[in-house]
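Structure data follow from model-v5.pdb (PDB, C-alpha atoms):
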ATOM      1  CA  SER A1349      86.922  45.189 118.462
ATOM      2  CA  SER A1350      88.953  42.075 117.702
ATOM      3  CA  SER A1351      91.180  40.427 120.277
ATOM      4  CA  LEU A1352      94.915  39.933 119.845
ATOM      5  CA  PRO A1353      96.059  36.725 118.132
ATOM      6  CA  ALA A1354      96.373  33.657 120.367
ATOM      7  CA  GLY A1355      99.776  33.138 121.925
ATOM      8  CA  ARG A1356     100.751  36.818 121.984
ATOM      9  CA  VAL A1357     100.883  39.132 124.976
ATOM     10  CA  ILE A1358     102.085  42.484 123.704
ATOM     11  CA  LEU A1359     103.288  45.597 125.428
ATOM     12  CA  MET A1360     101.750  48.329 123.271
ATOM     13  CA  VAL A1361     103.624  51.600 122.932
ATOM     14  CA  TRP A1362     102.314  54.691 121.185
ATOM     15  CA  TRP A1363     103.652  57.743 119.449
ATOM     16  CA  VAL A1364     100.848  60.251 118.845
ATOM     17  CA  LEU A1365     101.219  63.343 116.712
ATOM     18  CA  PRO A1366      98.895  65.908 118.328
ATOM     19  CA  ARG A1367      95.369  64.557 117.926
ATOM     20  CA  ALA A1368      96.116  63.416 114.403
ATOM     21  CA  VAL A1369      97.966  60.168 113.907
ATOM     22  CA  SER A1370      99.092  57.230 115.967
ATOM     23  CA  GLY A1371     101.534  54.449 115.367
ATOM     24  CA  LEU A1372     102.550  50.997 116.332
ATOM     25  CA  VAL A1373     105.775  50.014 118.002
ATOM     26  CA  ALA A1374     107.053  46.628 116.945
ATOM     27  CA  PRO A1375     107.074  44.361 120.038
ATOM     28  CA  THR A1376     110.405  43.612 121.642
ATOM     29  CA  MET A1377     111.723  40.092 122.213
ATOM     30  CA  LYS A1378     112.674  40.136 125.944
ATOM     31  CA  ALA A1379     111.387  36.699 126.906
ATOM     32  CA  ALA A1380     108.099  36.826 128.817
ATOM     33  CA  THR A1381     108.672  40.262 130.345
ATOM     34  CA  VAL A1382     107.368  42.062 127.280
ATOM     35  CA  GLU A1383     106.140  39.586 124.723
ATOM     36  CA  GLN A1384     105.483  35.898 124.413
ATOM     37  CA  VAL A1385     105.499  35.047 120.735
ATOM     38  CA  SER A1386     103.974  32.052 119.069
ATOM     39  CA  SER A1387     105.951  30.234 116.419
ATOM     40  CA  SER A1388     104.304  32.180 113.584
ATOM     41  CA  ALA A1389     104.625  35.934 113.114
ATOM     42  CA  PRO A1390     101.651  37.961 111.819
ATOM     43  CA  ALA A1391     100.909  37.328 108.167
ATOM     44  CA  MET A1392     100.224  40.061 105.640
ATOM     45  CA  LEU A1393      96.513  40.743 105.286
ATOM     46  CA  GLU A1394      94.643  39.661 102.191
ATOM     47  CA  ARG A1395      93.317  42.228  99.755
ATOM     48  CA  GLU A1396      89.600  42.969 100.201
ATOM     49  CA  ARG A1397      89.232  45.690  97.551
ATOM     50  CA  TYR A1398      91.359  47.170  94.788
ATOM     51  CA  ILE A1399      91.823  50.925  94.505
ATOM     52  CA  ALA A1400      92.887  52.870  91.430
ATOM     53  CA  SER A1401      93.893  56.495  91.730
ATOM     54  CA  ASN A1402      95.202  59.244  89.452
ATOM     55  CA  ARG A1403      96.811  62.465  90.663
ATOM     56  CA  PHE A1404      96.328  65.797  88.881
ATOM     57  CA  GLU A1405      97.464  69.399  89.093
ATOM     58  CA  PRO A1406      95.305  71.890  87.142
ATOM     59  CA  ARG A1407      96.786  75.036  85.658
ATOM     60  CA  ALA A1408      96.261  78.263  87.561
ATOM     61  CA  GLY A1409      92.620  79.273  87.489
ATOM     62  CA  LYS A1410      91.548  76.028  85.814
ATOM     63  CA  ALA A1411      90.259  74.042  88.797
ATOM     64  CA  ALA A1412      86.585  74.590  87.929
ATOM     65  CA  ALA A1413      87.241  73.735  84.274
ATOM     66  CA  PHE A1414      89.008  70.542  85.366
ATOM     67  CA  GLU A1415      86.046  69.511  87.512
ATOM     68  CA  ALA A1416      83.658  70.271  84.650
ATOM     69  CA  ARG A1417      85.627  67.954  82.353
ATOM     70  CA  TRP A1418      85.036  65.146  84.832
ATOM     71  CA  ALA A1419      81.394  66.012  85.373
ATOM     72  CA  ASN A1420      80.595  66.206  81.669
ATOM     73  CA  ARG A1421      82.547  63.183  80.493
ATOM     74  CA  LYS A1422      80.879  60.143  79.009
ATOM     75  CA  SER A1423      81.047  57.271  81.473
ATOM     76  CA  ARG A1424      79.059  54.218  82.550
ATOM     77  CA  LEU A1425      81.243  53.450  85.540
ATOM     78  CA  ALA A1426      78.470  52.500  87.973
ATOM     79  CA  THR A1427      77.117  49.841  85.599
ATOM     80  CA  LEU A1428      80.385  47.909  85.403
ATOM     81  CA  GLU A1429      81.072  44.572  87.036
ATOM     82  CA  GLY A1430      82.912  44.979  90.316
ATOM     83  CA  PHE A1431      82.530  48.752  90.637
ATOM     84  CA  ARG A1432      81.967  49.859  94.245
ATOM     85  CA  TYR A1433      82.799  53.543  94.750
ATOM     86  CA  PHE A1434      84.173  56.687  93.076
ATOM     87  CA  THR A1435      84.889  60.238  94.112
ATOM     88  CA  LEU A1436      87.056  63.023  92.694
ATOM     89  CA  LEU A1437      89.099  64.468  95.543
ATOM     90  CA  ARG A1438      90.018  68.130  95.970
ATOM     91  CA  ARG A1439      92.791  68.872  98.469
ATOM     92  CA  VAL A1440      91.904  70.749 101.670
ATOM     93  CA  PRO A1441      94.828  72.615 103.296
ATOM     94  CA  LEU A1442      95.694  71.282 106.759
ATOM     95  CA  GLU A1443      95.325  74.713 108.350
ATOM     96  CA  ASP A1444      91.729  74.923 107.111
ATOM     97  CA  VAL A1445      90.894  71.929 109.320
ATOM     98  CA  VAL A1446      93.205  72.057 112.338
ATOM     99  CA  GLY A1447      94.510  75.625 112.275
ATOM    100  CA  GLU A1448      98.041  76.860 111.644
ATOM    101  CA  ARG A1449      99.542  75.434 114.845
ATOM    102  CA  GLY A1450      97.915  72.054 114.266
ATOM    103  CA  ALA A1451      99.119  72.001 110.661
ATOM    104  CA  GLN A1452     102.689  72.752 111.733
ATOM    105  CA  ALA A1453     102.538  69.975 114.320
ATOM    106  CA  MET A1454     101.478  67.589 111.562
ATOM    107  CA  GLY A1455     104.396  68.579 109.353
ATOM    108  CA  GLY A1456     102.444  70.943 107.124
ATOM    109  CA  GLY A1457     101.385  74.530 107.134
ATOM    110  CA  GLU A1458     104.640  75.819 105.648
ATOM    111  CA  LYS A1459     104.109  79.226 104.096
ATOM    112  CA  GLY A1460     104.639  79.213 100.371
ATOM    113  CA  LYS A1461     104.770  75.419 100.180
ATOM    114  CA  LYS A1462     103.080  74.112  97.060
ATOM    115  CA  GLU A1463     101.787  70.554  96.876
ATOM    116  CA  LYS A1464     102.644  68.649  93.704
ATOM    117  CA  TYR A1465      99.008  67.776  93.074
ATOM    118  CA  SER A1466      95.715  69.156  94.318
ATOM    119  CA  TYR A1467      93.260  66.607  92.876
ATOM    120  CA  LYS A1468      93.072  62.860  92.642
ATOM    121  CA  SER A1469      90.523  60.362  91.438
ATOM    122  CA  PHE A1470      89.696  57.510  93.783
ATOM    123  CA  THR A1471      87.916  54.375  92.553
ATOM    124  CA  ILE A1472      87.218  51.252  94.588
ATOM    125  CA  TRP A1473      86.795  47.938  92.750
ATOM    126  CA  GLU A1474      85.702  44.618  94.176
ATOM    127  CA  THR A1475      88.783  42.877  92.740
ATOM    128  CA  LYS A1476      91.874  43.713  90.735
ATOM    129  CA  ASN A1477      90.467  41.626  87.880
ATOM    130  CA  ASP A1478      87.426  43.920  87.775
ATOM    131  CA  PHE A1479      89.707  46.934  87.466
ATOM    132  CA  ASP A1480      91.760  45.260  84.725
ATOM    133  CA  ALA A1481      88.581  44.384  82.808
ATOM    134  CA  TRP A1482      87.526  48.048  82.881
ATOM    135  CA  ARG A1483      90.963  49.362  81.911
ATOM    136  CA  ASN A1484      91.139  47.008  78.926
ATOM    137  CA  GLY A1485      87.504  47.427  77.867
ATOM    138  CA  GLU A1486      85.367  49.775  75.805
ATOM    139  CA  ALA A1487      84.090  51.685  78.853
ATOM    140  CA  PHE A1488      87.629  52.914  79.532
ATOM    141  CA  VAL A1489      87.977  54.108  75.930
ATOM    142  CA  GLU A1490      84.631  55.927  76.105
ATOM    143  CA  ALA A1491      85.561  57.704  79.326
ATOM    144  CA  HIS A1492      88.878  58.861  77.868
ATOM    145  CA  GLY A1493      87.695  60.428  74.629
ATOM    146  CA  GLY A1494      86.296  57.569  72.582
ATOM    147  CA  LYS A1495      87.649  55.536  69.692
ATOM    148  CA  GLY A1496      89.638  56.950  66.789
ATOM    149  CA  ILE A1497      92.736  59.118  66.530
ATOM    150  CA  GLY A1498      90.611  62.265  66.210
ATOM    151  CA  ASN A1499      88.856  61.711  69.503
ATOM    152  CA  PHE A1500      92.153  60.822  71.156
ATOM    153  CA  LEU A1501      93.837  64.028  69.975
ATOM    154  CA  LYS A1502      90.838  66.101  71.014
ATOM    155  CA  ALA A1503      90.977  64.638  74.514
ATOM    156  CA  MET A1504      94.732  65.252  74.717
ATOM    157  CA  VAL A1505      94.417  68.901  73.676
ATOM    158  CA  SER A1506      91.594  69.423  76.152
ATOM    159  CA  SER A1507      93.714  67.957  78.958
ATOM    160  CA  LEU A1508      96.717  70.129  78.092
ATOM    161  CA  GLN A1509      94.546  73.216  78.325
ATOM    162  CA  VAL A1510      93.603  72.581  81.958
ATOM    163  CA  LEU A1511      96.415  70.429  83.400
ATOM    164  CA  LYS A1512     100.070  71.196  84.054
ATOM    165  CA  GLY A1513     101.078  67.697  83.059
ATOM    166  CA  PRO A1514      99.751  64.179  82.547
ATOM    167  CA  PRO A1515      97.989  62.371  85.391
ATOM    168  CA  THR A1516     100.141  60.183  87.615
ATOM    169  CA  PRO A1517      98.570  56.858  88.639
ATOM    170  CA  ALA A1518      98.925  54.929  91.884
ATOM    171  CA  PHE A1519      97.307  51.606  92.820
ATOM    172  CA  TYR A1520      96.540  50.012  96.175
ATOM    173  CA  ASP A1521      95.271  46.895  97.862
ATOM    174  CA  GLY A1522      92.338  47.732 100.116
ATOM    175  CA  LEU A1523      92.684  46.158 103.581
ATOM    176  CA  LEU A1524      90.374  46.096 106.607
ATOM    177  CA  HIS A1525      87.628  47.553 104.467
ATOM    178  CA  LEU A1526      84.609  48.826 106.342
ATOM    179  CA  ALA A1527      81.634  50.571 104.736
ATOM    180  CA  LEU A1528      78.088  51.377 105.719
ATOM    181  CA  PRO A1529      75.253  50.765 103.243
ATOM    182  CA  PRO A1530      74.703  53.822 101.030
ATOM    183  CA  VAL A1531      72.003  56.252 102.071
ATOM    184  CA  GLU A1532      69.541  57.038  99.318
ATOM    185  CA  ASP A1533      70.008  60.638  98.191
ATOM    186  CA  SER A1534      67.658  61.985  95.541
ATOM    187  CA  SER A1535      69.925  64.993  94.984
ATOM    188  CA  LYS A1536      72.629  62.731  93.532
ATOM    189  CA  LYS A1537      71.127  62.022  90.153
ATOM    190  CA  ILE A1538      72.646  59.186  88.106
ATOM    191  CA  GLU A1539      72.052  58.431  84.432
ATOM    192  CA  GLY A1540      73.701  55.635  82.472
ATOM    193  CA  GLY A1541      76.134  54.897  85.280
ATOM    194  CA  TRP A1542      77.449  58.433  85.825
ATOM    195  CA  ARG A1543      76.509  61.446  87.899
ATOM    196  CA  VAL A1544      74.425  64.258  86.456
ATOM    197  CA  VAL A1545      75.524  67.605  87.923
ATOM    198  CA  GLU A1546      75.574  71.263  86.945
ATOM    199  CA  ALA A1547      79.174  72.052  86.034
ATOM    200  CA  ASP A1548      79.806  75.337  84.206
ATOM    201  CA  GLY A1549      83.600  75.326  84.341
ATOM    202  CA  VAL A1550      83.568  78.628  86.220
ATOM    203  CA  ASN A1551      82.513  77.584  89.702
ATOM    204  CA  THR A1552      83.918  74.555  91.502
ATOM    205  CA  LEU A1553      81.478  71.822  92.499
ATOM    206  CA  PRO A1554      80.005  71.622  96.007
ATOM    207  CA  SER A1555      81.654  69.194  98.408
ATOM    208  CA  GLU A1556      79.848  65.876  98.937
ATOM    209  CA  ASN A1557      82.128  64.215 101.479
ATOM    210  CA  PHE A1558      85.244  64.755 103.592
ATOM    211  CA  ILE A1559      88.289  62.497 103.717
ATOM    212  CA  ALA A1560      90.952  62.193 106.399
ATOM    213  CA  ALA A1561      94.063  60.267 105.358
ATOM    214  CA  ASN A1562      97.288  59.350 107.165
ATOM    215  CA  LYS A1563     100.239  58.325 104.998
ATOM    216  CA  PHE A1564     102.803  55.905 106.431
ATOM    217  CA  THR A1565     106.204  54.864 105.085
ATOM    218  CA  ILE A1566     106.733  51.521 106.820
ATOM    219  CA  ARG A1567     110.212  50.039 106.998
ATOM    220  CA  ALA A1568     110.928  46.706 105.358
ATOM    221  CA  GLY A1569     110.050  43.796 107.603
ATOM    222  CA  ALA A1570     107.563  45.718 109.763
ATOM    223  CA  GLU A1571     104.624  45.596 107.364
ATOM    224  CA  ALA A1572     102.846  42.568 108.809
ATOM    225  CA  ALA A1573     103.112  43.859 112.387
ATOM    226  CA  PHE A1574     101.832  47.259 111.274
ATOM    227  CA  GLU A1575      98.823  45.645 109.600
ATOM    228  CA  ASP A1576      98.222  43.426 112.620
ATOM    229  CA  ARG A1577      98.052  46.396 114.965
ATOM    230  CA  TRP A1578      95.466  48.108 112.773
ATOM    231  CA  ALA A1579      93.487  44.878 112.597
ATOM    232  CA  THR A1580      93.315  44.693 116.405
ATOM    233  CA  ARG A1581      93.013  48.356 117.367
ATOM    234  CA  GLU A1582      90.163  49.669 119.485
ATOM    235  CA  GLY A1583      87.490  52.132 118.420
ATOM    236  CA  SER A1584      84.226  51.811 116.557
ATOM    237  CA  LEU A1585      83.926  54.027 113.508
ATOM    238  CA  THR A1586      80.580  52.589 112.443
ATOM    239  CA  ASP A1587      78.919  54.008 115.558
ATOM    240  CA  MET A1588      79.956  57.549 114.705
ATOM    241  CA  PRO A1589      77.442  59.858 112.965
ATOM    242  CA  GLY A1590      78.510  60.696 109.435
ATOM    243  CA  PHE A1591      80.911  57.785 108.971
ATOM    244  CA  LYS A1592      80.832  56.322 105.443
ATOM    245  CA  SER A1593      83.809  54.039 104.924
ATOM    246  CA  PHE A1594      87.336  53.130 105.958
ATOM    247  CA  THR A1595      90.092  51.397 104.012
ATOM    248  CA  MET A1596      93.732  50.814 104.802
ATOM    249  CA  LEU A1597      95.559  51.265 101.510
ATOM    250  CA  ARG A1598      98.669  49.188 100.830
ATOM    251  CA  ARG A1599     100.663  50.271  97.788
ATOM    252  CA  ASP A1600     100.510  47.756  94.955
ATOM    253  CA  GLY A1601     104.090  47.876  93.772
ATOM    254  CA  PRO A1602     107.168  49.782  94.971
ATOM    255  CA  ALA A1603     106.687  53.363  96.157
ATOM    256  CA  ASP A1604     110.299  54.531  96.462
ATOM    257  CA  ASN A1605     110.464  55.668  92.815
ATOM    258  CA  ASP A1606     107.145  57.519  92.787
ATOM    259  CA  PRO A1607     107.489  60.454  90.328
ATOM    260  CA  LEU A1608     105.647  62.823  92.692
ATOM    261  CA  GLY A1609     107.608  61.834  95.778
ATOM    262  CA  ASP A1610     104.726  59.895  97.351
ATOM    263  CA  ASP A1611     107.041  57.269  98.799
ATOM    264  CA  PHE A1612     104.583  56.023 101.431
ATOM    265  CA  ASN A1613     103.471  52.396 101.216
ATOM    266  CA  TYR A1614     100.399  52.578 103.472
ATOM    267  CA  GLN A1615      97.596  55.065 103.895
ATOM    268  CA  SER A1616      94.565  55.037 106.165
ATOM    269  CA  PHE A1617      91.624  56.483 104.256
ATOM    270  CA  THR A1618      88.380  57.410 106.013
ATOM    271  CA  VAL A1619      85.378  58.909 104.234
ATOM    272  CA  TRP A1620      83.010  61.069 106.267
ATOM    273  CA  GLN A1621      79.766  62.764 105.311
ATOM    274  CA  ASP A1622      81.345  66.162 105.916
ATOM    275  CA  LYS A1623      84.042  67.985 107.871
ATOM    276  CA  LYS A1624      81.736  68.380 110.880
ATOM    277  CA  ALA A1625      81.319  64.605 111.181
ATOM    278  CA  PHE A1626      85.096  64.151 111.107
ATOM    279  CA  MET A1627      85.652  66.810 113.773
ATOM    280  CA  ASN A1628      83.002  65.215 116.003
ATOM    281  CA  TRP A1629      84.854  61.897 115.787
ATOM    282  CA  ARG A1630      88.206  63.607 116.394
ATOM    283  CA  ASN A1631      86.861  64.983 119.678
ATOM    284  CA  SER A1632      85.177  61.728 120.713
ATOM    285  CA  GLN A1633      86.042  58.885 123.061
ATOM    286  CA  SER A1634      86.206  56.602 120.017
ATOM    287  CA  PHE A1635      89.136  58.653 118.697
ATOM    288  CA  LYS A1636      90.903  58.437 122.070
ATOM    289  CA  ASP A1637      90.379  54.673 122.225
ATOM    290  CA  ALA A1638      91.695  54.179 118.690
ATOM    291  CA  HIS A1639      94.784  56.294 119.359
ATOM    292  CA  GLY A1640      95.624  55.018 122.836
ATOM    293  CA  SER A1641      94.961  58.276 124.689
ATOM    294  CA  GLY A1642      91.787  56.870 126.228
ATOM    295  CA  ASN A1643      93.647  54.070 128.006
ATOM    296  CA  LYS A1644      95.783  54.994 131.036
ATOM    297  CA  LYS A1645      97.887  51.832 130.676
ATOM    298  CA  ASN A1646      98.870  52.916 127.174
ATOM    299  CA  GLN A1647      99.621  56.432 128.386
ATOM    300  CA  ASP A1648     101.994  55.123 131.052
ATOM    301  CA  LYS A1649     104.006  52.843 128.790
ATOM    302  CA  LYS A1650     107.532  53.866 127.845
ATOM    303  CA  ALA A1651     108.876  53.437 124.357
ATOM    304  CA  THR A1652     111.286  50.517 124.124
ATOM    305  CA  THR A1653     111.643  50.102 120.353
ATOM    306  CA  PRO A1654     111.464  52.474 117.389
ATOM    307  CA  PRO A1655     108.191  52.976 115.487
ATOM    308  CA  PRO A1656     107.679  50.982 112.283
ATOM    309  CA  TRP A1657     107.896  53.960 109.955
ATOM    310  CA  VAL A1658     111.058  55.492 108.552
ATOM    311  CA  LYS A1659     109.697  59.048 108.856
ATOM    312  CA  PRO A1660     106.731  60.626 110.649
ATOM    313  CA  PRO A1661     103.281  59.911 109.189
ATOM    314  CA  GLN A1662     101.776  62.630 107.015
ATOM    315  CA  VAL A1663      98.201  63.827 107.326
ATOM    316  CA  GLU A1664      96.068  64.888 104.380
ATOM    317  CA  PHE A1665      92.520  66.167 104.113
ATOM    318  CA  TRP A1666      90.322  66.088 101.013
ATOM    319  CA  GLU A1667      86.796  66.931 100.017
ATOM    320  CA  GLY A1668      85.106  64.823  97.383
ATOM    321  CA  VAL A1669      82.863  65.716  94.477
ATOM    322  CA  LEU A1670      80.967  63.560  91.970
ATOM    323  CA  GLU A1671      80.529  60.827  94.574
ATOM    324  CA  LEU A1672      79.192  57.617  93.085
ATOM    325  CA  THR A1673      78.395  54.476  95.101
ATOM    326  CA  SER A1674      77.199  51.040  94.032
ATOM    327  CA  PRO A1675      73.937  49.730  95.535
ATOM    328  CA  GLN A1676      76.072  47.311  97.586
ATOM    329  CA  GLY A1677      78.064  50.205  99.022
ATOM    330  CA  ALA A1678      81.794  50.857  98.854
TER     331      ALA A1678
END

With the file now loaded, output its structure as structure tokens.
Amino acid sequence: SSSLPAGRVILMVWWVLPRAVSGLVAPTMKAATVEQVSSSAPAMLERERYIASNRFEPRAGKAAAFEARWANRKSRLATLEGFRYFTLLRRVPLEDVVGERGAQAMGGGEKGKKEKYSYKSFTIWETKNDFDAWRNGEAFVEAHGGKGIGNFLKAMVSSLQVLKGPPTPAFYDGLLHLALPPVEDSSKKIEGGWRVVEADGVNTLPSENFIAANKFTIRAGAEAAFEDRWATREGSLTDMPGFKSFTMLRRDGPADNDPLGDDFNYQSFTVWQDKKAFMNWRNSQSFKDAHGSGNKKNQDKKATTPPPWVKPPQVEFWEGVLELTSPQGA
């Protein structure tokens, strides 16, 4: 793991939601007793990837039909300049992963609570310019119904039949990106830049990965320190069996007016081979090191300043289908 920046000696303080999320406490300014600060504060991290996402809520009983629309669409995504990774995410209830008590501790598990969306697309691009080139090019038109008013209307009617409303986009800078080279998998057939799968619109597609995400709403002025702590945290994900990739997502644009109430501005996003791989990491020493519970000094520290978020982090779990990875990896 990386060392702390020169000129800084920081007292690290942790808040840990039960075995789920951890946070950073902004360092205090009590002379040399707690922190010695160099003349320059941490700078915001540079973007390493660009992520485009759309959120969807299918009509009742239409989840399989929604997935089939994605599977059977015309697309050449994997052939495009700057494409790195795609998966269509299907929400996994918290209690299915950590049980009812764990879900309640993480702020979920409320009976009768309905999430505003249960699917989202997740595409990683090398640069924002690569994403813009796709969005303004012919490949985008092809993937969304093709040219001509007739094709456009047909695509709109088809969407209305399976979705409760239009998709809601969100865009992110990808920070601290870490990805292992893709493992060759003959079962994931690709033709013309898109996956070839059996999708009958009746049965949902089998899961191909598992995603653990923590959403953070960081207060103004604490963003650089929050990023710096993640950049210098302990733990080695790449050594864990089943790890695929990690990205810290930073919202590109304001989040406080998000139409679905997703007012978080950061999100840690880790892709695992499956749920078992995630659970193995969650019970490992690597997890304890990354979240402070493996270090007695961190356990003994007392909180002296508030955490950088304005409300507790929120945990989400997803399983991905139609996974598509460039030869260079995510």

Smallest atom-to-atom distance to A:Gly1668: which of A:Lys1468, A:Lys1537, A:Lys1623, A:Arg1438, using all atoms listed in the file?
-> A:Arg1438

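Considering the residues A:Met1392, A:Ala1518, A:Ala1572, A:Leu1585 and counting all atoms listed in the file, A:Ser1469 has its shortest atom-to-atom contact with A:Ala1518.
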
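Using only C-alpha atoms for every distance, the candidate list A:Tyr1465, A:Trp1578, A:Trp1542, A:Trp1629 yields A:Trp1542 as the residue closest to A:Ala1419.
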
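You will find atom CA of A:Pro1607 at 21.8 Å from atom CA of A:Pro1441.
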
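Taking atom CA of A:Pro1602 and atom CA of A:Tyr1398 as endpoints, the distance between them is 16.0 Å.
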
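With all atoms listed in the file as the atoms that count, the residue of A:Ser1507, A:Gln1621, A:Glu1429, A:Pro1660 with the shortest distance to A:Pro1530 is A:Gln1621.
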
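Atom CA of A:Glu1539 sits 21.7 Å away from atom CA of A:Lys1495.
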
Near-A:Phe1612 list (10 Å; only C-alpha atoms; drop same-chain fewer than 4 positions) as a list in words = Asn1562, Lys1563, Phe1564, Thr1565, Ile1566, Arg1567, Arg1598, Arg1599, Pro1602, Ala1603, Asp1604, Asp1606, Trp1657, Val1658, Lys1659, Pro1661 and Gln1662 of chain A

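Nearest residue to A:Pro1517 among A:Thr1475, A:Asn1631, A:Asn1402, A:Asn1613 is A:Asn1402, counting only C-alpha atoms.
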
Test item: the PyMOL selection byres ((chain A and resi 1561) around 9) resolved as a ChimeraX atom specification | /A:1559-1560,1562-1563,1615-1619,1662-1666

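In this comparison, which uses only C-alpha atoms, the residue of A:Ala1579, A:Ala1408, A:Leu1670, A:Ala1400 approaching A:Asn1557 most closely is A:Leu1670.
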
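Look at everything within 12 Å of (95.3, 76.0, 87.6) using all atoms listed in the file, and the residues you get are Phe1404, Glu1405, Pro1406, Arg1407, Ala1408, Gly1409, Lys1410, Ala1411, Ala1412, Ala1413, Phe1414, Glu1415, Tyr1465, Ser1466, Tyr1467, Ser1507, Leu1508, Gln1509, Val1510, Leu1511, Lys1512 and Gly1513 of chain A.
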
Determine the residue membership of the PyMOL selection byres ((chain A and resi 1470) around 7) for the file above and supply it as number ranges by chain.
-> A: 1399-1401, 1434-1436, 1468-1469, 1471-1472

Quick one: which residues end up in the PyMOL selection byres ((chain A and resi 1480) around 12) for this structure, as an NGL selection string?
-> :A and (1398-1400 or 1428-1431 or 1473-1479 or 1481-1488 or 1519)
